[in-house]
>>> print(open('start07.pdb').read())   # PDB, C-alpha atoms, pLDDT in the B column
ATOM      1  CA  MET H   4     -45.690 -19.170-187.211  1.00 61.00           C
ATOM      2  CA  PRO H   5     -48.666 -19.599-184.818  1.00 61.00           C
ATOM      3  CA  LYS H   6     -50.660 -16.464-184.166  1.00 62.00           C
ATOM      4  CA  PRO H   7     -50.083 -15.122-180.599  1.00 60.00           C
ATOM      5  CA  GLN H   8     -53.056 -15.773-178.354  1.00 69.00           C
ATOM      6  CA  GLU H   9     -54.781 -12.938-176.557  1.00 73.00           C
ATOM      7  CA  PRO H  10     -54.825 -13.468-172.780  1.00 78.00           C
ATOM      8  CA  TRP H  11     -58.285 -14.109-171.369  1.00 88.00           C
ATOM      9  CA  ILE H  12     -57.337 -12.711-167.944  1.00 95.00           C
ATOM     10  CA  GLY H  13     -57.965  -8.966-167.916  1.00 96.00           C
ATOM     11  CA  LYS H  14     -59.692  -8.979-171.298  1.00 96.00           C
ATOM     12  CA  ARG H  15     -60.875  -5.384-170.897  1.00 97.00           C
ATOM     13  CA  ALA H  16     -57.700  -3.977-169.322  1.00 98.00           C
ATOM     14  CA  ARG H  17     -54.517  -5.235-167.693  1.00 98.00           C
ATOM     15  CA  ILE H  18     -53.175  -2.254-165.781  1.00 98.00           C
ATOM     16  CA  GLY H  19     -49.602  -2.321-164.522  1.00 98.00           C
ATOM     17  CA  VAL H  20     -49.193  -0.278-161.336  1.00 98.00           C
ATOM     18  CA  ILE H  21     -45.830   1.078-160.163  1.00 98.00           C
ATOM     19  CA  ILE H  22     -45.628   1.569-156.396  1.00 98.00           C
ATOM     20  CA  PRO H  23     -42.961   2.283-153.756  1.00 98.00           C
ATOM     21  CA  SER H  24     -41.822  -0.752-151.752  1.00 98.00           C
ATOM     22  CA  THR H  25     -43.166   0.995-148.622  1.00 98.00           C
ATOM     23  CA  ASN H  26     -46.682   1.446-149.976  1.00 98.00           C
ATOM     24  CA  ILE H  27     -49.770  -0.499-148.948  1.00 97.00           C
ATOM     25  CA  GLY H  28     -52.424   2.132-149.714  1.00 98.00           C
ATOM     26  CA  VAL H  29     -52.464   1.759-153.500  1.00 98.00           C
ATOM     27  CA  GLU H  30     -53.038  -1.996-153.487  1.00 98.00           C
ATOM     28  CA  TYR H  31     -55.721  -1.627-150.813  1.00 98.00           C
ATOM     29  CA  ASP H  32     -57.624   0.859-152.951  1.00 98.00           C
ATOM     30  CA  CYS H  33     -57.151  -0.944-156.276  1.00 98.00           C
ATOM     31  CA  GLN H  34     -58.316  -4.243-154.816  1.00 97.00           C
ATOM     32  CA  ARG H  35     -61.597  -2.596-153.825  1.00 97.00           C
ATOM     33  CA  ILE H  36     -62.226  -1.122-157.272  1.00 98.00           C
ATOM     34  CA  ILE H  37     -62.149  -3.975-159.794  1.00 97.00           C
ATOM     35  CA  PRO H  38     -64.624  -3.722-162.675  1.00 98.00           C
ATOM     36  CA  PRO H  39     -65.323  -7.029-164.463  1.00 97.00           C
ATOM     37  CA  GLY H  40     -62.605  -7.912-166.945  1.00 97.00           C
ATOM     38  CA  VAL H  41     -60.011  -5.587-165.379  1.00 98.00           C
ATOM     39  CA  THR H  42     -56.880  -6.747-163.567  1.00 98.00           C
ATOM     40  CA  TRP H  43     -54.265  -4.812-161.579  1.00 98.00           C
ATOM     41  CA  HIS H  44     -50.616  -5.905-161.724  1.00 98.00           C
ATOM     42  CA  PHE H  45     -48.189  -4.364-159.214  1.00 98.00           C
ATOM     43  CA  ALA H  46     -44.455  -3.733-159.433  1.00 98.00           C
ATOM     44  CA  ARG H  47     -42.525  -2.231-156.499  1.00 98.00           C
ATOM     45  CA  PHE H  48     -39.463  -0.032-156.656  1.00 97.00           C
ATOM     46  CA  PHE H  49     -37.140  -0.202-153.666  1.00 97.00           C
ATOM     47  CA  VAL H  50     -37.213   2.672-151.169  1.00 97.00           C
ATOM     48  CA  SER H  51     -33.805   2.643-149.498  1.00 95.00           C
ATOM     49  CA  GLN H  52     -34.436   5.940-147.693  1.00 94.00           C
ATOM     50  CA  PRO H  53     -37.986   5.955-146.223  1.00 96.00           C
ATOM     51  CA  ASP H  54     -37.247   8.679-143.636  1.00 97.00           C
ATOM     52  CA  LEU H  55     -39.453  11.723-144.269  1.00 97.00           C
ATOM     53  CA  SER H  56     -38.972  13.403-140.906  1.00 96.00           C
ATOM     54  CA  SER H  57     -37.564  16.667-142.289  1.00 97.00           C
ATOM     55  CA  ASP H  58     -37.348  18.625-145.532  1.00 96.00           C
ATOM     56  CA  ASN H  59     -33.801  17.335-146.098  1.00 97.00           C
ATOM     57  CA  MET H  60     -34.852  13.740-145.566  1.00 96.00           C
ATOM     58  CA  PHE H  61     -37.802  14.244-147.896  1.00 96.00           C
ATOM     59  CA  LEU H  62     -35.436  15.489-150.620  1.00 95.00           C
ATOM     60  CA  ALA H  63     -33.164  12.497-150.010  1.00 96.00           C
ATOM     61  CA  PHE H  64     -36.192  10.235-150.448  1.00 95.00           C
ATOM     62  CA  ILE H  65     -36.989  11.838-153.828  1.00 95.00           C
ATOM     63  CA  ASP H  66     -33.388  11.436-154.982  1.00 94.00           C
ATOM     64  CA  ALA H  67     -33.304   7.781-153.902  1.00 94.00           C
ATOM     65  CA  ILE H  68     -36.457   6.673-155.701  1.00 95.00           C
ATOM     66  CA  ARG H  69     -35.340   8.229-158.974  1.00 93.00           C
ATOM     67  CA  GLU H  70     -32.650   5.536-159.045  1.00 94.00           C
ATOM     68  CA  THR H  71     -34.985   2.574-158.496  1.00 96.00           C
ATOM     69  CA  ILE H  72     -38.157   3.485-160.416  1.00 96.00           C
ATOM     70  CA  PRO H  73     -36.625   2.365-163.763  1.00 95.00           C
ATOM     71  CA  ASP H  74     -36.210  -1.232-162.535  1.00 96.00           C
ATOM     72  CA  ALA H  75     -39.909  -1.467-161.662  1.00 97.00           C
ATOM     73  CA  MET H  76     -40.824  -0.002-165.059  1.00 96.00           C
ATOM     74  CA  ARG H  77     -38.649  -2.634-166.758  1.00 95.00           C
ATOM     75  CA  ASP H  78     -40.127  -5.456-164.698  1.00 97.00           C
ATOM     76  CA  ILE H  79     -43.805  -4.593-165.177  1.00 97.00           C
ATOM     77  CA  MET H  80     -43.523  -4.610-168.957  1.00 97.00           C
ATOM     78  CA  THR H  81     -42.737  -8.334-168.962  1.00 97.00           C
ATOM     79  CA  CYS H  82     -46.347  -9.177-168.008  1.00 96.00           C
ATOM     80  CA  GLU H  83     -47.556  -7.363-171.140  1.00 96.00           C
ATOM     81  CA  PRO H  84     -49.874  -4.812-169.514  1.00 98.00           C
ATOM     82  CA  SER H  85     -52.286  -2.845-171.647  1.00 98.00           C
ATOM     83  CA  TYR H  86     -51.681   0.335-169.621  1.00 98.00           C
ATOM     84  CA  ILE H  87     -49.402   1.767-166.916  1.00 98.00           C
ATOM     85  CA  MET H  88     -50.527   3.640-163.793  1.00 98.00           C
ATOM     86  CA  MET H  89     -48.062   5.320-161.457  1.00 98.00           C
ATOM     87  CA  GLY H  90     -49.100   4.518-157.884  1.00 98.00           C
ATOM     88  CA  MET H  91     -46.808   7.176-156.469  1.00 96.00           C
ATOM     89  CA  SER H  92     -47.388  10.834-155.863  1.00 94.00           C
ATOM     90  CA  ALA H  93     -44.652  13.191-154.705  1.00 95.00           C
ATOM     91  CA  GLU H  94     -42.387  13.184-157.742  1.00 94.00           C
ATOM     92  CA  THR H  95     -45.312  13.641-160.132  1.00 97.00           C
ATOM     93  CA  PHE H  96     -45.892  17.099-158.613  1.00 97.00           C
ATOM     94  CA  TRP H  97     -42.201  18.022-158.517  1.00 96.00           C
ATOM     95  CA  GLY H  98     -41.375  21.031-160.650  1.00 97.00           C
ATOM     96  CA  GLY H  99     -44.985  21.966-161.358  1.00 97.00           C
ATOM     97  CA  LEU H 100     -46.616  21.367-164.721  1.00 97.00           C
ATOM     98  CA  GLU H 101     -43.318  21.267-166.579  1.00 97.00           C
ATOM     99  CA  GLY H 102     -41.862  18.886-164.022  1.00 97.00           C
ATOM    100  CA  ASN H 103     -44.746  16.473-164.486  1.00 97.00           C
ATOM    101  CA  VAL H 104     -44.287  16.509-168.258  1.00 96.00           C
ATOM    102  CA  GLU H 105     -40.573  15.800-167.832  1.00 96.00           C
ATOM    103  CA  PHE H 106     -41.322  12.997-165.362  1.00 95.00           C
ATOM    104  CA  GLU H 107     -43.680  11.285-167.790  1.00 96.00           C
ATOM    105  CA  ALA H 108     -41.179  11.740-170.629  1.00 95.00           C
ATOM    106  CA  ARG H 109     -38.483   9.971-168.591  1.00 94.00           C
ATOM    107  CA  LEU H 110     -40.792   7.010-168.077  1.00 94.00           C
ATOM    108  CA  ARG H 111     -41.237   6.713-171.824  1.00 92.00           C
ATOM    109  CA  ASP H 112     -37.637   5.517-172.038  1.00 92.00           C
ATOM    110  CA  TYR H 113     -38.797   2.295-170.364  1.00 92.00           C
ATOM    111  CA  ILE H 114     -42.331   1.741-171.650  1.00 94.00           C
ATOM    112  CA  GLY H 115     -42.106   3.187-175.157  1.00 93.00           C
ATOM    113  CA  PRO H 116     -44.036   5.978-176.873  1.00 93.00           C
ATOM    114  CA  ASN H 117     -47.307   4.133-177.427  1.00 94.00           C
ATOM    115  CA  MET H 118     -48.120   2.717-173.995  1.00 97.00           C
ATOM    116  CA  GLY H 119     -50.841   4.633-172.153  1.00 97.00           C
ATOM    117  CA  LEU H 120     -49.683   6.234-168.915  1.00 98.00           C
ATOM    118  CA  THR H 121     -51.355   7.790-165.871  1.00 98.00           C
ATOM    119  CA  SER H 122     -49.384   9.878-163.389  1.00 97.00           C
ATOM    120  CA  GLY H 123     -50.784  11.125-160.090  1.00 97.00           C
ATOM    121  CA  ALA H 124     -50.608  14.884-160.578  1.00 98.00           C
ATOM    122  CA  ALA H 125     -52.003  14.779-164.121  1.00 98.00           C
ATOM    123  CA  ALA H 126     -54.849  12.473-163.071  1.00 98.00           C
ATOM    124  CA  LEU H 127     -55.735  14.761-160.176  1.00 98.00           C
ATOM    125  CA  LYS H 128     -55.884  17.748-162.532  1.00 98.00           C
ATOM    126  CA  ASP H 129     -58.240  15.913-164.908  1.00 98.00           C
ATOM    127  CA  ALA H 130     -60.414  14.875-161.971  1.00 98.00           C
ATOM    128  CA  ILE H 131     -60.676  18.449-160.669  1.00 98.00           C
ATOM    129  CA  ASP H 132     -61.514  19.688-164.162  1.00 98.00           C
ATOM    130  CA  SER H 133     -64.316  17.132-164.442  1.00 98.00           C
ATOM    131  CA  PHE H 134     -66.058  18.894-161.552  1.00 98.00           C
ATOM    132  CA  GLY H 135     -65.260  22.351-162.924  1.00 98.00           C
ATOM    133  CA  ALA H 136     -63.737  23.336-159.582  1.00 98.00           C
ATOM    134  CA  LYS H 137     -61.512  26.396-159.280  1.00 98.00           C
ATOM    135  CA  ASN H 138     -60.863  26.971-155.563  1.00 98.00           C
ATOM    136  CA  ILE H 139     -58.866  24.051-154.254  1.00 98.00           C
ATOM    137  CA  ALA H 140     -57.633  22.989-150.816  1.00 98.00           C
ATOM    138  CA  ALA H 141     -55.166  20.106-150.515  1.00 98.00           C
ATOM    139  CA  LEU H 142     -54.204  17.536-147.894  1.00 98.00           C
ATOM    140  CA  THR H 143     -50.832  15.767-148.023  1.00 98.00           C
ATOM    141  CA  PRO H 144     -48.785  13.518-145.728  1.00 98.00           C
ATOM    142  CA  TYR H 145     -45.666  15.527-146.655  1.00 98.00           C
ATOM    143  CA  GLN H 146     -43.222  17.929-145.095  1.00 97.00           C
ATOM    144  CA  SER H 147     -43.310  21.594-146.177  1.00 97.00           C
ATOM    145  CA  VAL H 148     -40.980  21.001-149.135  1.00 97.00           C
ATOM    146  CA  GLY H 149     -43.463  18.510-150.585  1.00 97.00           C
ATOM    147  CA  ASP H 150     -46.457  20.748-149.862  1.00 98.00           C
ATOM    148  CA  GLU H 151     -44.781  23.531-151.826  1.00 98.00           C
ATOM    149  CA  GLN H 152     -44.590  21.297-154.897  1.00 98.00           C
ATOM    150  CA  VAL H 153     -48.262  20.329-154.652  1.00 98.00           C
ATOM    151  CA  HIS H 154     -49.197  24.007-154.269  1.00 98.00           C
ATOM    152  CA  ARG H 155     -47.059  24.940-157.269  1.00 98.00           C
ATOM    153  CA  PHE H 156     -48.558  22.266-159.513  1.00 98.00           C
ATOM    154  CA  LEU H 157     -52.126  23.188-158.614  1.00 98.00           C
ATOM    155  CA  GLU H 158     -51.481  26.896-159.011  1.00 98.00           C
ATOM    156  CA  GLU H 159     -49.769  26.430-162.383  1.00 98.00           C
ATOM    157  CA  SER H 160     -52.751  24.330-163.444  1.00 98.00           C
ATOM    158  CA  GLY H 161     -54.916  27.425-163.081  1.00 98.00           C
ATOM    159  CA  TYR H 162     -56.550  26.869-159.688  1.00 98.00           C
ATOM    160  CA  ASN H 163     -56.844  29.206-156.754  1.00 98.00           C
ATOM    161  CA  VAL H 164     -55.154  27.239-153.976  1.00 98.00           C
ATOM    162  CA  THR H 165     -56.754  28.270-150.704  1.00 98.00           C
ATOM    163  CA  LYS H 166     -54.588  26.098-148.454  1.00 98.00           C
ATOM    164  CA  VAL H 167     -52.279  23.079-148.403  1.00 98.00           C
ATOM    165  CA  VAL H 168     -51.948  21.171-145.130  1.00 98.00           C
ATOM    166  CA  GLY H 169     -49.208  18.570-144.711  1.00 98.00           C
ATOM    167  CA  LEU H 170     -49.466  15.976-141.955  1.00 98.00           C
ATOM    168  CA  LYS H 171     -45.657  15.709-141.792  1.00 98.00           C
ATOM    169  CA  CYS H 172     -45.577  11.915-141.521  1.00 98.00           C
ATOM    170  CA  ASP H 173     -42.175  10.749-140.357  1.00 97.00           C
ATOM    171  CA  SER H 174     -41.635   7.959-142.883  1.00 97.00           C
ATOM    172  CA  ALA H 175     -42.924   6.692-146.212  1.00 97.00           C
ATOM    173  CA  THR H 176     -44.239   3.613-144.407  1.00 97.00           C
ATOM    174  CA  SER H 177     -45.981   5.373-141.525  1.00 97.00           C
ATOM    175  CA  ILE H 178     -48.127   7.424-143.930  1.00 98.00           C
ATOM    176  CA  ALA H 179     -50.428   4.391-144.225  1.00 97.00           C
ATOM    177  CA  HIS H 180     -50.924   4.296-140.451  1.00 97.00           C
ATOM    178  CA  THR H 181     -52.339   7.819-140.174  1.00 98.00           C
ATOM    179  CA  PRO H 182     -55.483   7.589-138.007  1.00 97.00           C
ATOM    180  CA  PRO H 183     -58.689   8.298-139.954  1.00 97.00           C
ATOM    181  CA  LYS H 184     -59.703  10.778-137.245  1.00 97.00           C
ATOM    182  CA  GLU H 185     -56.636  12.900-138.004  1.00 98.00           C
ATOM    183  CA  ILE H 186     -57.546  13.010-141.688  1.00 98.00           C
ATOM    184  CA  ILE H 187     -61.188  13.861-140.974  1.00 98.00           C
ATOM    185  CA  ASP H 188     -60.334  16.556-138.438  1.00 98.00           C
ATOM    186  CA  THR H 189     -57.845  18.171-140.815  1.00 98.00           C
ATOM    187  CA  ILE H 190     -60.389  18.323-143.605  1.00 98.00           C
ATOM    188  CA  LEU H 191     -63.235  19.613-141.452  1.00 98.00           C
ATOM    189  CA  HIS H 192     -61.311  22.105-139.314  1.00 98.00           C
ATOM    190  CA  GLU H 193     -58.326  23.203-141.420  1.00 98.00           C
ATOM    191  CA  LEU H 194     -59.161  22.793-145.101  1.00 98.00           C
ATOM    192  CA  ASP H 195     -62.892  23.205-145.647  1.00 98.00           C
ATOM    193  CA  GLY H 196     -64.495  26.604-146.011  1.00 97.00           C
ATOM    194  CA  SER H 197     -67.074  28.558-147.979  1.00 97.00           C
ATOM    195  CA  ASN H 198     -64.298  29.607-150.381  1.00 97.00           C
ATOM    196  CA  VAL H 199     -63.389  25.996-151.248  1.00 98.00           C
ATOM    197  CA  ASP H 200     -64.981  24.216-154.235  1.00 97.00           C
ATOM    198  CA  CYS H 201     -63.027  20.989-153.976  1.00 98.00           C
ATOM    199  CA  ILE H 202     -60.624  19.258-151.585  1.00 98.00           C
ATOM    200  CA  VAL H 203     -57.900  16.990-152.952  1.00 98.00           C
ATOM    201  CA  GLN H 204     -55.437  14.640-151.284  1.00 98.00           C
ATOM    202  CA  ALA H 205     -51.934  13.727-152.419  1.00 98.00           C
ATOM    203  CA  GLY H 206     -49.761  10.888-151.118  1.00 98.00           C
ATOM    204  CA  THR H 207     -50.703   7.452-152.440  1.00 98.00           C
ATOM    205  CA  ASN H 208     -49.998   5.629-149.163  1.00 98.00           C
ATOM    206  CA  LEU H 209     -52.665   7.744-147.451  1.00 98.00           C
ATOM    207  CA  SER H 210     -55.869   5.940-148.407  1.00 97.00           C
ATOM    208  CA  GLY H 211     -59.029   8.041-148.285  1.00 95.00           C
ATOM    209  CA  LEU H 212     -61.310   5.488-149.899  1.00 96.00           C
ATOM    210  CA  ASP H 213     -63.182   4.622-146.700  1.00 96.00           C
ATOM    211  CA  ILE H 214     -63.493   8.214-145.531  1.00 96.00           C
ATOM    212  CA  PHE H 215     -64.039  10.616-148.379  1.00 98.00           C
ATOM    213  CA  PRO H 216     -67.357   9.386-149.868  1.00 98.00           C
ATOM    214  CA  THR H 217     -69.117  10.162-146.585  1.00 97.00           C
ATOM    215  CA  LEU H 218     -67.327  13.506-146.206  1.00 98.00           C
ATOM    216  CA  GLU H 219     -68.395  14.489-149.734  1.00 98.00           C
ATOM    217  CA  LYS H 220     -72.014  14.059-148.766  1.00 97.00           C
ATOM    218  CA  GLN H 221     -71.493  15.892-145.492  1.00 98.00           C
ATOM    219  CA  LEU H 222     -69.726  18.883-147.064  1.00 98.00           C
ATOM    220  CA  ALA H 223     -71.606  18.786-150.405  1.00 98.00           C
ATOM    221  CA  LYS H 224     -68.407  19.166-152.437  1.00 98.00           C
ATOM    222  CA  PRO H 225     -66.002  16.788-154.182  1.00 98.00           C
ATOM    223  CA  ILE H 226     -63.171  15.357-152.108  1.00 98.00           C
ATOM    224  CA  ILE H 227     -60.711  13.573-154.370  1.00 98.00           C
ATOM    225  CA  PRO H 228     -58.030  11.184-153.084  1.00 98.00           C
ATOM    226  CA  ILE H 229     -55.166  10.716-155.485  1.00 98.00           C
ATOM    227  CA  ASN H 230     -55.560   6.940-155.644  1.00 98.00           C
ATOM    228  CA  VAL H 231     -59.163   7.250-156.765  1.00 98.00           C
ATOM    229  CA  ALA H 232     -58.115   9.889-159.306  1.00 98.00           C
ATOM    230  CA  THR H 233     -55.441   7.634-160.825  1.00 98.00           C
ATOM    231  CA  ILE H 234     -57.715   4.578-160.822  1.00 98.00           C
ATOM    232  CA  TRP H 235     -60.482   6.577-162.498  1.00 98.00           C
ATOM    233  CA  HIS H 236     -58.061   8.093-165.020  1.00 98.00           C
ATOM    234  CA  ALA H 237     -56.522   4.727-165.937  1.00 98.00           C
ATOM    235  CA  LEU H 238     -59.887   2.992-166.277  1.00 98.00           C
ATOM    236  CA  ARG H 239     -61.385   5.719-168.449  1.00 98.00           C
ATOM    237  CA  ALA H 240     -58.252   5.817-170.621  1.00 98.00           C
ATOM    238  CA  GLN H 241     -58.772   2.093-171.280  1.00 98.00           C
ATOM    239  CA  GLY H 242     -62.402   2.631-172.250  1.00 98.00           C
ATOM    240  CA  ILE H 243     -63.723   1.237-168.954  1.00 98.00           C
ATOM    241  CA  ASN H 244     -66.617   3.612-168.342  1.00 98.00           C
ATOM    242  CA  ASP H 245     -68.442   1.610-165.667  1.00 97.00           C
ATOM    243  CA  LYS H 246     -69.979   3.806-162.987  1.00 97.00           C
ATOM    244  CA  ILE H 247     -68.785   2.580-159.582  1.00 97.00           C
ATOM    245  CA  PHE H 248     -70.900   3.520-156.574  1.00 97.00           C
ATOM    246  CA  GLY H 249     -69.861   3.955-152.970  1.00 96.00           C
ATOM    247  CA  ARG H 250     -66.309   4.962-153.840  1.00 97.00           C
ATOM    248  CA  GLY H 251     -66.846   8.691-154.302  1.00 98.00           C
ATOM    249  CA  TRP H 252     -68.468  11.063-156.755  1.00 98.00           C
ATOM    250  CA  LEU H 253     -65.654  10.903-159.309  1.00 98.00           C
ATOM    251  CA  LEU H 254     -66.276   7.234-160.115  1.00 98.00           C
ATOM    252  CA  GLU H 255     -70.047   7.674-159.849  1.00 98.00           C
ATOM    253  CA  ARG H 256     -70.443  10.698-162.103  1.00 98.00           C
ATOM    254  CA  PHE H 257     -67.681  10.747-164.719  1.00 98.00           C
TER     255      PHE H 257
END
>>> encode(input="start07.pdb", output="structure tokens")
Amino acid sequence: MPKPQEPWIGKRARIGVIIPSTNIGVEYDCQRIIPPGVTWHFARFFVSQPDLSSDNMFLAFIDAIRETIPDAMRDIMTCEPSYIMMGMSAETFWGGLEGNVEFEARLRDYIGPNMGLTSGAAALKDAIDSFGAKNIAALTPYQSVGDEQVHRFLEESGYNVTKVVGLKCDSATSIAHTPPKEIIDTILHELDGSNVDCIVQAGTNLSGLDIFPTLEKQLAKPIIPINVATIWHALRAQGINDKIFGRGWLLERF
């Protein structure tokens, strides 16, 4: 029998990325961070309930995506990725540390025990730990029920959570249309302070790639968007240690 040929596309890493059907932020960020020999391969799971206008609607959104994520996991495996990155955020924080472990375990039913996996909450924790930060403020696009889960995960991870501010975006789609000025003003006037070592951002459809590198220099502290954290985590897990400049301190320093 002929020996299977190794694909020459994505020779260093072929990273499968699972994203909600409503999301444009993850692809935007991934397409701007492409080390030589690395390829990103996207699979979307259908969001039948994108309304996030209240806590109840947010919970309905979480319930709905749990039904469709498995199909995207099944589909992405057919392109033979070398690694899987979850380009989604909310459910990875749900239930705190234990909830994240359970979430990743459920995914193993579809990708097997040996495939490398990055989830948003776990990647964010590793990114924070790289800076040695302890006092954390967080920005989200969520309603209060989602903010509570982010707070719980960060607190259970051993950080002092100074504040979590949710922008209360009214749909999973509209998150991507949040004006940069609103993000900047929230960070400068509601989250930053002398008691804050690091500012993080959840919500993968809320891209901070064009904003946060400048704010880091202005505030002299790390500001970590979840998409950059997952990209960094997935690349480093695949042995891609290239330092990438202009996309934030995380990719420049670690």
>>> closest_residue(input="start07.pdb", among="H:Asp66, H:Asp132, H:Glu158, H:Glu9", to="Ala232 (chain H)", atoms="only C-alpha atoms")
H:Asp132
>>> axis_aligned_box(input="start07.pdb", around="region 155-174 of chain H", padding_each_side="6 Å", output="AutoDock Vina command-line options")
--center_x -49.2 --center_y 18.6 --center_z -151.9 --size_x 27.2 --size_y 33.2 --size_z 35.1
>>> resolve_selection(input="start07.pdb", expression="the PyMOL selection byres ((chain H and resi 244-256) around 7)", output="list in words")
Leu212, Phe215, Pro216, Pro225, Trp235, Arg239, Gly242, Ile243 and Phe257 of chain H
>>> closest_residue(input="start07.pdb", among="H:Ala240, H:Met76, H:Ala136, H:Cys172", to="Glu107 (chain H)", atoms="all atoms listed in the file")
H:Met76
>>> closest_residue(input="start07.pdb", among="H:Glu70, H:Asp78, H:Asp213, H:Asp54", to="Ile21 (chain H)", atoms="only C-alpha atoms")
H:Asp78
>>> atom_distance(input="start07.pdb", atom1="CA of Ser177 (chain H)", atom2="CA of Tyr31 (chain H)")
15.2 Å
>>> residues_around(input="start07.pdb", residues="Ser24 (chain H)", least_positions_apart="3", cutoff="10 Å", atoms="all atoms listed in the file", output="PyMOL selection string")
chain H and resi 21+27+46-51+53+68+175-176
